[in-house]
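Asker: Quick one, target_1.pdb (PDB, C-alpha atoms):
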ATOM      1  CA  VAL A  73      79.703 102.761  85.664
ATOM      2  CA  SER A  74      78.780 104.603  88.854
ATOM      3  CA  ALA A  75      81.447 105.357  91.453
ATOM      4  CA  GLY A  76      79.837 103.019  93.977
ATOM      5  CA  LEU A  77      79.681 100.111  91.569
ATOM      6  CA  GLU A  78      83.230 100.839  90.473
ATOM      7  CA  LEU A  79      84.412 100.522  94.073
ATOM      8  CA  TRP A  80      82.594  97.220  94.556
ATOM      9  CA  LEU A  81      84.184  95.990  91.347
ATOM     10  CA  LEU A  82      87.607  97.114  92.546
ATOM     11  CA  VAL A  83      87.223  95.247  95.838
ATOM     12  CA  ALA A  84      86.036  92.133  93.981
ATOM     13  CA  ILE A  85      89.048  92.288  91.651
ATOM     14  CA  CYS A  86      91.365  92.707  94.662
ATOM     15  CA  GLY A  87      89.697  89.645  96.198
ATOM     16  CA  LEU A  88      90.355  87.668  93.026
ATOM     17  CA  ALA A  89      93.937  88.940  92.918
ATOM     18  CA  THR A  90      94.460  87.711  96.469
ATOM     19  CA  PHE A  91      92.840  84.366  95.696
ATOM     20  CA  ALA A  92      95.168  83.976  92.708
ATOM     21  CA  TRP A  93      98.014  83.198  95.136
ATOM     22  CA  ARG A  94      95.905  80.876  97.248
ATOM     23  CA  GLY A  95      94.458  79.118  94.213
ATOM     24  CA  ALA A  96      97.879  78.754  92.614
ATOM     25  CA  GLY A  97      99.135  77.271  95.867
ATOM     26  CA  VAL A  98      96.303  74.719  95.919
ATOM     27  CA  PHE A  99      97.029  73.847  92.282
ATOM     28  CA  VAL A 100     100.762  73.431  92.842
ATOM     29  CA  SER A 101     100.231  71.446  96.036
ATOM     30  CA  GLY A 102      98.172  68.933  94.035
ATOM     31  CA  GLY A 103     101.432  67.648  92.581
ATOM     32  CA  ILE A 104     103.043  67.125  95.965
ATOM     33  CA  ASN A 105     102.737  63.719  97.588
ATOM     34  CA  PRO A 106     103.633  63.943 101.273
ATOM     35  CA  ASN A 107     104.061  60.130 101.308
ATOM     36  CA  SER A 108     106.471  60.107  98.401
ATOM     37  CA  PRO A 109     109.682  58.074  98.923
ATOM     38  CA  CYS A 110     111.517  61.314  98.215
ATOM     39  CA  SER A 111     109.811  63.182 101.032
ATOM     40  CA  PRO A 112     112.094  64.220 103.916
ATOM     41  CA  GLY A 113     112.599  61.475 106.455
ATOM     42  CA  SER A 114     111.851  58.535 104.137
ATOM     43  CA  ALA A 115     114.414  55.792 103.495
ATOM     44  CA  ALA A 116     114.987  56.858  99.875
ATOM     45  CA  SER A 117     115.270  60.524 100.700
ATOM     46  CA  PRO A 118     118.628  62.200 100.126
ATOM     47  CA  MET A 119     117.817  64.388 103.108
ATOM     48  CA  PRO A 120     118.936  63.087 106.521
ATOM     49  CA  ARG A 121     116.317  61.956 108.973
ATOM     50  CA  SER A 122     115.915  64.197 111.961
ATOM     51  CA  PRO A 123     117.278  62.605 115.159
ATOM     52  CA  ARG A 124     114.675  61.472 117.652
TER
ATOM     53  CA  VAL B  57      93.892  70.022 126.536
ATOM     54  CA  THR B  58      93.373  69.338 122.815
ATOM     55  CA  PRO B  59      92.829  65.734 121.713
ATOM     56  CA  ASP B  60      95.124  63.992 119.226
ATOM     57  CA  ALA B  61      92.055  62.757 117.335
ATOM     58  CA  PHE B  62      88.373  63.596 117.272
ATOM     59  CA  ALA B  63      85.531  61.105 117.148
ATOM     60  CA  SER B  64      84.611  61.998 113.567
ATOM     61  CA  PRO B  65      85.308  64.566 110.842
ATOM     62  CA  ARG B  66      82.257  66.516 112.042
ATOM     63  CA  ALA B  67      83.677  66.554 115.573
ATOM     64  CA  ALA B  68      86.994  67.716 114.129
ATOM     65  CA  TRP B  69      85.202  70.624 112.396
ATOM     66  CA  LYS B  70      83.530  71.594 115.642
ATOM     67  CA  GLY B  71      86.736  71.111 117.617
ATOM     68  CA  GLY B  72      88.635  73.381 115.255
ATOM     69  CA  ALA B  73      86.002  76.091 115.579
ATOM     70  CA  VAL B  74      86.042  75.846 119.374
ATOM     71  CA  GLU B  75      89.832  76.128 119.444
ATOM     72  CA  ALA B  76      89.695  79.210 117.231
ATOM     73  CA  LEU B  77      87.107  80.997 119.372
ATOM     74  CA  GLY B  78      89.571  81.989 122.038
ATOM     75  CA  VAL B  79      92.779  83.969 121.839
ATOM     76  CA  PRO B  80      93.171  83.533 118.028
ATOM     77  CA  ALA B  81      89.728  85.012 117.300
ATOM     78  CA  ALA B  82      90.215  87.804 119.855
ATOM     79  CA  VAL B  83      93.574  88.844 118.411
ATOM     80  CA  LEU B  84      92.483  88.736 114.765
ATOM     81  CA  GLY B  85      89.113  90.317 115.551
ATOM     82  CA  ALA B  86      90.854  93.192 117.335
ATOM     83  CA  GLY B  87      92.956  93.826 114.234
ATOM     84  CA  TYR B  88      89.815  94.000 112.126
ATOM     85  CA  ILE B  89      88.203  96.477 114.530
ATOM     86  CA  GLY B  90      90.922  98.845 113.339
ATOM     87  CA  PHE B  91      90.163  97.995 109.738
ATOM     88  CA  GLY B  92      86.441  98.655 110.264
ATOM     89  CA  ALA B  93      87.227 102.108 111.670
ATOM     90  CA  LEU B  94      89.548 102.826 108.747
ATOM     91  CA  ALA B  95      86.867 101.742 106.276
ATOM     92  CA  PHE B  96      84.345 104.084 107.887
ATOM     93  CA  ASP B  97      86.726 107.007 107.648
ATOM     94  CA  ALA B  98      87.442 106.162 104.016
ATOM     95  CA  ASP B  99      83.722 106.397 103.206
ATOM     96  CA  PHE B 100      83.285 102.691 102.580
ATOM     97  CA  SER B 101      79.791 101.431 103.289
ATOM     98  CA  LEU B 102      79.475  98.736 105.951
ATOM     99  CA  ALA B 103      78.496  96.219 103.270
ATOM    100  CA  LEU B 104      81.575  97.069 101.220
ATOM    101  CA  ALA B 105      83.878  96.835 104.250
ATOM    102  CA  LEU B 106      82.412  93.419 105.075
ATOM    103  CA  PHE B 107      82.670  92.378 101.424
ATOM    104  CA  SER B 108      86.374  93.235 101.395
ATOM    105  CA  THR B 109      86.941  91.163 104.531
ATOM    106  CA  MET B 110      84.937  88.310 103.018
ATOM    107  CA  THR B 111      86.752  88.258  99.706
ATOM    108  CA  ILE B 112      90.282  89.501 100.423
ATOM    109  CA  TRP B 113      90.697  88.403 104.058
ATOM    110  CA  ALA B 114      94.258  89.683 104.274
ATOM    111  CA  LEU B 115      94.646  92.757 106.452
ATOM    112  CA  PRO B 116      97.769  94.237 104.762
ATOM    113  CA  GLY B 117      96.079  94.025 101.375
ATOM    114  CA  GLN B 118      92.864  95.581 102.677
ATOM    115  CA  ILE B 119      94.739  98.472 104.282
ATOM    116  CA  ALA B 120      96.731  98.988 101.077
ATOM    117  CA  LEU B 121      93.455  99.044  99.147
ATOM    118  CA  ILE B 122      91.970 101.803 101.295
ATOM    119  CA  GLU B 123      95.143 103.875 101.597
ATOM    120  CA  LEU B 124      95.999 103.744  97.899
ATOM    121  CA  ARG B 125      92.441 104.575  96.926
ATOM    122  CA  GLU B 126      92.606 107.584  99.235
ATOM    123  CA  LEU B 127      95.749 108.724  97.468
ATOM    124  CA  GLY B 128      94.009 108.434  94.109
ATOM    125  CA  THR B 129      96.201 105.592  92.798
ATOM    126  CA  ALA B 130      95.219 104.171  89.403
ATOM    127  CA  ALA B 131      93.177 100.971  89.659
ATOM    128  CA  PRO B 132      95.684  98.639  87.918
ATOM    129  CA  ALA B 133      98.509  99.798  90.207
ATOM    130  CA  LEU B 134      96.237  99.447  93.217
ATOM    131  CA  VAL B 135      95.256  95.882  92.296
ATOM    132  CA  LEU B 136      98.904  95.006  91.672
ATOM    133  CA  ALA B 137      99.912  96.398  95.076
ATOM    134  CA  VAL B 138      97.163  94.449  96.851
ATOM    135  CA  MET B 139      98.178  91.331  94.948
ATOM    136  CA  LEU B 140     101.845  91.692  95.870
ATOM    137  CA  THR B 141     101.036  92.099  99.565
ATOM    138  CA  SER B 142      99.356  88.668  99.379
ATOM    139  CA  ALA B 143     102.245  86.783  97.771
ATOM    140  CA  ARG B 144     102.906  85.005 101.058
ATOM    141  CA  PHE B 145      99.803  82.876 100.492
ATOM    142  CA  LEU B 146     101.483  80.897  97.720
ATOM    143  CA  PRO B 147     104.180  79.202  99.842
ATOM    144  CA  MET B 148     101.790  78.953 102.789
ATOM    145  CA  THR B 149      99.191  77.093 100.721
ATOM    146  CA  VAL B 150     101.776  74.890  99.011
ATOM    147  CA  THR B 151     103.110  73.726 102.377
ATOM    148  CA  LEU B 152      99.750  73.301 104.102
ATOM    149  CA  LEU B 153      97.520  71.645 101.509
ATOM    150  CA  PRO B 154      99.493  68.372 101.135
ATOM    151  CA  LEU B 155      98.853  67.796 104.848
ATOM    152  CA  LEU B 156      95.080  68.134 104.351
ATOM    153  CA  ARG B 157      94.532  65.906 101.322
ATOM    154  CA  HIS B 158      92.418  62.759 101.641
ATOM    155  CA  PRO B 159      90.650  60.733  98.930
ATOM    156  CA  ALA B 160      87.275  61.404 100.569
ATOM    157  CA  TYR B 161      87.387  65.090  99.624
ATOM    158  CA  ARG B 162      86.886  66.702  96.240
ATOM    159  CA  THR B 163      89.048  69.278  94.504
ATOM    160  CA  TRP B 164      86.748  72.211  95.232
ATOM    161  CA  HIS B 165      87.036  71.469  98.943
ATOM    162  CA  TYR B 166      90.737  72.258  98.702
ATOM    163  CA  TYR B 167      90.143  75.477  96.774
ATOM    164  CA  LEU B 168      87.614  76.453  99.456
ATOM    165  CA  ALA B 169      90.208  75.683 102.125
ATOM    166  CA  GLY B 170      92.712  77.747 100.140
ATOM    167  CA  HIS B 171      90.557  80.839 100.517
ATOM    168  CA  PHE B 172      90.742  80.494 104.295
ATOM    169  CA  VAL B 173      94.521  80.200 104.467
ATOM    170  CA  ALA B 174      95.826  83.010 106.658
ATOM    171  CA  MET B 175      98.752  83.270 109.038
ATOM    172  CA  THR B 176      97.040  82.210 112.278
ATOM    173  CA  GLY B 177      95.099  79.296 110.804
ATOM    174  CA  TRP B 178      98.132  78.150 108.842
ATOM    175  CA  ALA B 179     100.404  78.162 111.910
ATOM    176  CA  VAL B 180      97.921  76.202 114.013
ATOM    177  CA  ALA B 181      97.088  73.737 111.235
ATOM    178  CA  VAL B 182     100.739  72.995 110.457
ATOM    179  CA  ARG B 183     101.282  72.195 114.136
ATOM    180  CA  ARG B 184      98.057  70.256 114.796
ATOM    181  CA  CYS B 185      97.229  68.449 111.573
ATOM    182  CA  PRO B 186     100.112  65.940 111.579
ATOM    183  CA  MET B 187      98.718  64.645 114.899
ATOM    184  CA  LEU B 188      95.211  64.126 113.470
ATOM    185  CA  PRO B 189      93.935  61.253 111.286
ATOM    186  CA  LEU B 190      94.020  62.196 107.591
ATOM    187  CA  GLU B 191      90.247  62.423 107.118
ATOM    188  CA  GLN B 192      89.905  64.831 110.067
ATOM    189  CA  ARG B 193      92.532  67.344 108.993
ATOM    190  CA  LEU B 194      90.554  69.272 106.379
ATOM    191  CA  PRO B 195      87.410  69.588 108.561
ATOM    192  CA  TYR B 196      89.557  70.691 111.490
ATOM    193  CA  PHE B 197      91.279  73.363 109.422
ATOM    194  CA  LEU B 198      88.015  74.591 107.894
ATOM    195  CA  GLY B 199      86.335  74.769 111.303
ATOM    196  CA  PHE B 200      89.243  76.719 112.739
ATOM    197  CA  ALA B 201      89.644  79.081 109.781
ATOM    198  CA  ILE B 202      85.939  79.779 109.229
ATOM    199  CA  ALA B 203      85.535  80.652 112.915
ATOM    200  CA  LEU B 204      88.420  83.127 112.555
ATOM    201  CA  TRP B 205      86.894  84.516 109.362
ATOM    202  CA  LEU B 206      83.586  85.114 111.131
ATOM    203  CA  ALA B 207      85.419  86.780 114.029
ATOM    204  CA  CYS B 208      87.102  89.101 111.519
ATOM    205  CA  LEU B 209      83.740  89.980 109.962
ATOM    206  CA  ALA B 210      82.388  90.741 113.435
ATOM    207  CA  GLY B 211      85.490  92.842 114.174
ATOM    208  CA  THR B 212      85.035  94.792 110.940
ATOM    209  CA  ALA B 213      81.422  95.601 111.801
ATOM    210  CA  ALA B 214      82.310  96.475 115.402
ATOM    211  CA  GLY B 215      85.073  98.851 114.286
ATOM    212  CA  TYR B 216      82.807 100.448 111.716
ATOM    213  CA  PHE B 217      80.044 101.116 114.246
ATOM    214  CA  ALA B 218      82.496 102.194 116.944
ATOM    215  CA  SER B 219      84.083 104.730 114.615
ATOM    216  CA  SER B 220      80.709 106.108 113.548
ATOM    217  CA  SER B 221      79.623 106.616 117.145
ATOM    218  CA  LEU B 222      82.754 108.243 118.580
ATOM    219  CA  PRO B 223      82.055 111.432 120.561
ATOM    220  CA  ASN B 224      82.103 114.625 118.545
ATOM    221  CA  TRP B 225      85.359 116.453 119.073
ATOM    222  CA  SER B 226      86.433 119.278 116.849
ATOM    223  CA  PRO B 227      89.870 120.852 116.921
ATOM    224  CA  SER B 228      88.225 124.232 116.346
ATOM    225  CA  ALA B 229      87.103 124.085 119.961
ATOM    226  CA  SER B 230      90.737 124.018 121.010
ATOM    227  CA  SER B 231      92.133 126.130 118.227
ATOM    228  CA  SER B 232      94.558 127.859 120.560
ATOM    229  CA  SER B 233      96.624 124.677 120.583
ATOM    230  CA  THR B 234      96.550 124.209 116.818
ATOM    231  CA  PRO B 235      99.031 125.750 114.408
ATOM    232  CA  SER B 236      98.018 129.072 112.961
ATOM    233  CA  ILE B 237      98.230 128.781 109.188
ATOM    234  CA  SER B 238      96.543 131.279 106.920
ATOM    235  CA  SER B 239      94.100 130.195 104.231
ATOM    236  CA  SER B 240      96.410 131.365 101.479
ATOM    237  CA  SER B 241      99.293 129.267 102.754
ATOM    238  CA  SER B 242      97.045 126.246 103.208
ATOM    239  CA  ALA B 243      95.891 126.619  99.598
ATOM    240  CA  ALA B 244      99.509 126.403  98.515
ATOM    241  CA  ARG B 245     100.113 123.422 100.790
ATOM    242  CA  CYS B 246      97.149 121.550  99.385
ATOM    243  CA  ALA B 247      98.338 121.433  95.806
ATOM    244  CA  THR B 248      98.831 117.658  95.966
ATOM    245  CA  ALA B 249      97.001 114.806  97.627
ATOM    246  CA  ARG B 250      99.851 114.222 100.050
ATOM    247  CA  ALA B 251      99.975 117.920 100.931
ATOM    248  CA  CYS B 252      96.252 117.791 101.561
ATOM    249  CA  TRP B 253      96.813 114.849 103.883
ATOM    250  CA  ARG B 254      99.462 116.826 105.804
ATOM    251  CA  CYS B 255      97.283 119.906 105.830
ATOM    252  CA  CYS B 256      94.418 118.068 107.487
ATOM    253  CA  ALA B 257      96.779 116.229 109.820
ATOM    254  CA  ALA B 258      98.018 119.645 111.031
ATOM    255  CA  ARG B 259      94.549 120.173 112.569
ATOM    256  CA  LEU B 260      93.687 123.345 110.787
ATOM    257  CA  PRO B 261      90.463 124.974 111.979
ATOM    258  CA  ASP B 262      87.326 123.878 110.142
ATOM    259  CA  ARG B 263      87.124 124.875 106.470
ATOM    260  CA  SER B 264      90.423 126.775 106.500
ATOM    261  CA  CYS B 265      91.969 123.885 104.611
ATOM    262  CA  SER B 266      91.284 124.445 100.936
ATOM    263  CA  CYS B 267      91.649 120.841  99.843
ATOM    264  CA  HIS B 268      88.231 120.874  98.200
ATOM    265  CA  ALA B 269      89.032 123.755  95.909
ATOM    266  CA  ALA B 270      92.613 122.778  95.208
ATOM    267  CA  MET B 271      92.175 119.049  94.738
ATOM    268  CA  GLY B 272      88.592 118.563  93.656
ATOM    269  CA  PRO B 273      87.054 115.188  94.573
ATOM    270  CA  ALA B 274      90.397 113.663  95.572
ATOM    271  CA  GLY B 275      91.125 116.463  98.018
ATOM    272  CA  GLY B 276      87.594 116.227  99.301
ATOM    273  CA  ARG B 277      88.130 112.596 100.131
ATOM    274  CA  HIS B 278      91.298 113.374 102.082
ATOM    275  CA  HIS B 279      89.734 116.232 103.938
ATOM    276  CA  ARG B 280      86.639 114.214 104.734
ATOM    277  CA  ARG B 281      88.726 111.316 105.922
ATOM    278  CA  HIS B 282      90.780 113.363 108.341
ATOM    279  CA  GLY B 283      87.687 115.208 109.409
ATOM    280  CA  GLY B 284      86.246 111.787 110.164
ATOM    281  CA  LEU B 285      89.286 110.865 112.208
ATOM    282  CA  ARG B 286      88.731 113.972 114.280
ATOM    283  CA  GLY B 287      85.146 112.965 114.932
ATOM    284  CA  ARG B 288      83.254 115.607 112.976
ATOM    285  CA  SER B 289      80.061 114.784 111.150
ATOM    286  CA  ARG B 290      80.829 113.770 107.592
ATOM    287  CA  LEU B 291      77.910 115.811 106.313
ATOM    288  CA  GLU B 292      79.540 118.986 107.605
ATOM    289  CA  GLU B 293      82.580 118.338 105.461
ATOM    290  CA  GLU B 294      80.840 118.358 102.108
ATOM    291  CA  PRO B 295      81.247 121.596 100.165
TER
END
Mind converting the file's structure to structure tokens?

Answerer:
Amino acid sequence: VSAGLELWLLVAICGLATFAWRGAGVFVSGGINPNSPCSPGSAASPMPRSPR
Amino acid sequence: VTPDAFASPRAAWKGGAVEALGVPAAVLGAGYIGFGALAFDADFSLALALFSTMTIWALPGQIALIELRELGTAAPALVLAVMLTSARFLPMTVTLLPLLRHPAYRTWHYYLAGHFVAMTGWAVAVRRCPMLPLEQRLPYFLGFAIALWLACLAGTAAGYFASSSLPNWSPSASSSSTPSISSSSSAARCATARACWRCCAARLPDRSCSCHAAMGPAGGRHHRRHGGLRGRSRLEEEP
């Protein structure tokens, strides 16, 4: 593998390594329902509502 | 004044882009001008510098990539370091994406949005999106973030060209103000990559630094880089 191609490959792998965090975040966020009764501020939430 | 809702998702996309093309794009673009100059001095091609901004789009990681490569770090350690500098994207994405979800959009839309998560876009989206209708949030975020991404690409190119066209200034012309270090002592100082870096940073007169001989290709890279920072032609630096 030439040095130039090796560098392109390295940058591409670094890009994938960075996207691993973003992609994992998207995957994990798929299990979060912001309208869940357990979300902060809802009636069933153990967390107190913020005062208005 | 920014509206609480746009007329349509397409208008939200455009509105996000317009909001980004002000102070946010100027600030981020200015940061990437510095990265473009660094990439030029590290012997990256313009295409490669732009490719790194396109794919990584995280300035700390990109700087770590260039600096560690200059120091001759092994590729697995380099990738790990770049990856660790980007760990912040996990909590940022986990907190932002639930705000953007709507049944009208498909899974790959969210993974595309995930690529554009960065500090500025995240901060603005977390503040603005709760005020927008659900179906307009993802287009708004994508419009905002893609405009920033394009500004960063433009900044990278601008920095690269600016660095390549700086006026020629050689420390040899003002050697009276530079430290006087003999070639034999510089050879001893350049036994390691870091010593080579210090040697060049000490503004030795041209070719008195023996990085090339002492370090081989790695030393050559360091010498060339610091020669580039001082504005000399890169062709003159090759042995």

Asker: Kindly determine which residues of chain A lie within 12 Å of chain B, considering all atoms listed in the file, and give the answer as a PyMOL selection string.

Answerer: chain A and resi 75-108+111

Asker: For stretch 69-81 of chain B, work out the shell of residues within 9 Å, counting only C-alpha atoms and skipping chain neighbours fewer than 4 positions away, then give it as a ChimeraX atom specification.

Answerer: /B:58,62,64-65,85-86,176-177,192-208

Asker: State, in Å with one decimal place, the distance from atom CA of B:Gly215 to atom CA of B:Tyr88.

Answerer: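 Atom-to-atom, atom CA of B:Gly215 and atom CA of B:Tyr88 are spaced 7.1 Å apart.
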
Asker: Smallest atom-to-atom distance to B:His158: which of B:Asp60, B:Leu190, B:Thr212, B:Phe96, using only C-alpha atoms?

Answerer: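 For B:His158, the nearest of the candidates is B:Leu190.
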
Asker: Please enclose the listed atoms of stretch 84-95 of chain A in an axis-aligned box, pad each side by 6 Å, and write out the centre and the three edge lengths in Å, rounded to one decimal, as lines of an AutoDock Vina configuration file.

Answerer:
center_x = 92.0
center_y = 85.9
center_z = 94.4
size_x = 24.0
size_y = 25.6
size_z = 17.6

Asker: What gap, in Å, lies between atom CA of B:Gly92 and atom CA of B:His165?

Answerer: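 That distance, rounded to one decimal, is 29.5 Å.
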
Asker: In Å, rounded to a single decimal, give me how far atom CA of A:Ser74 is from atom CA of B:Ala93.

Answerer: 24.5 Å
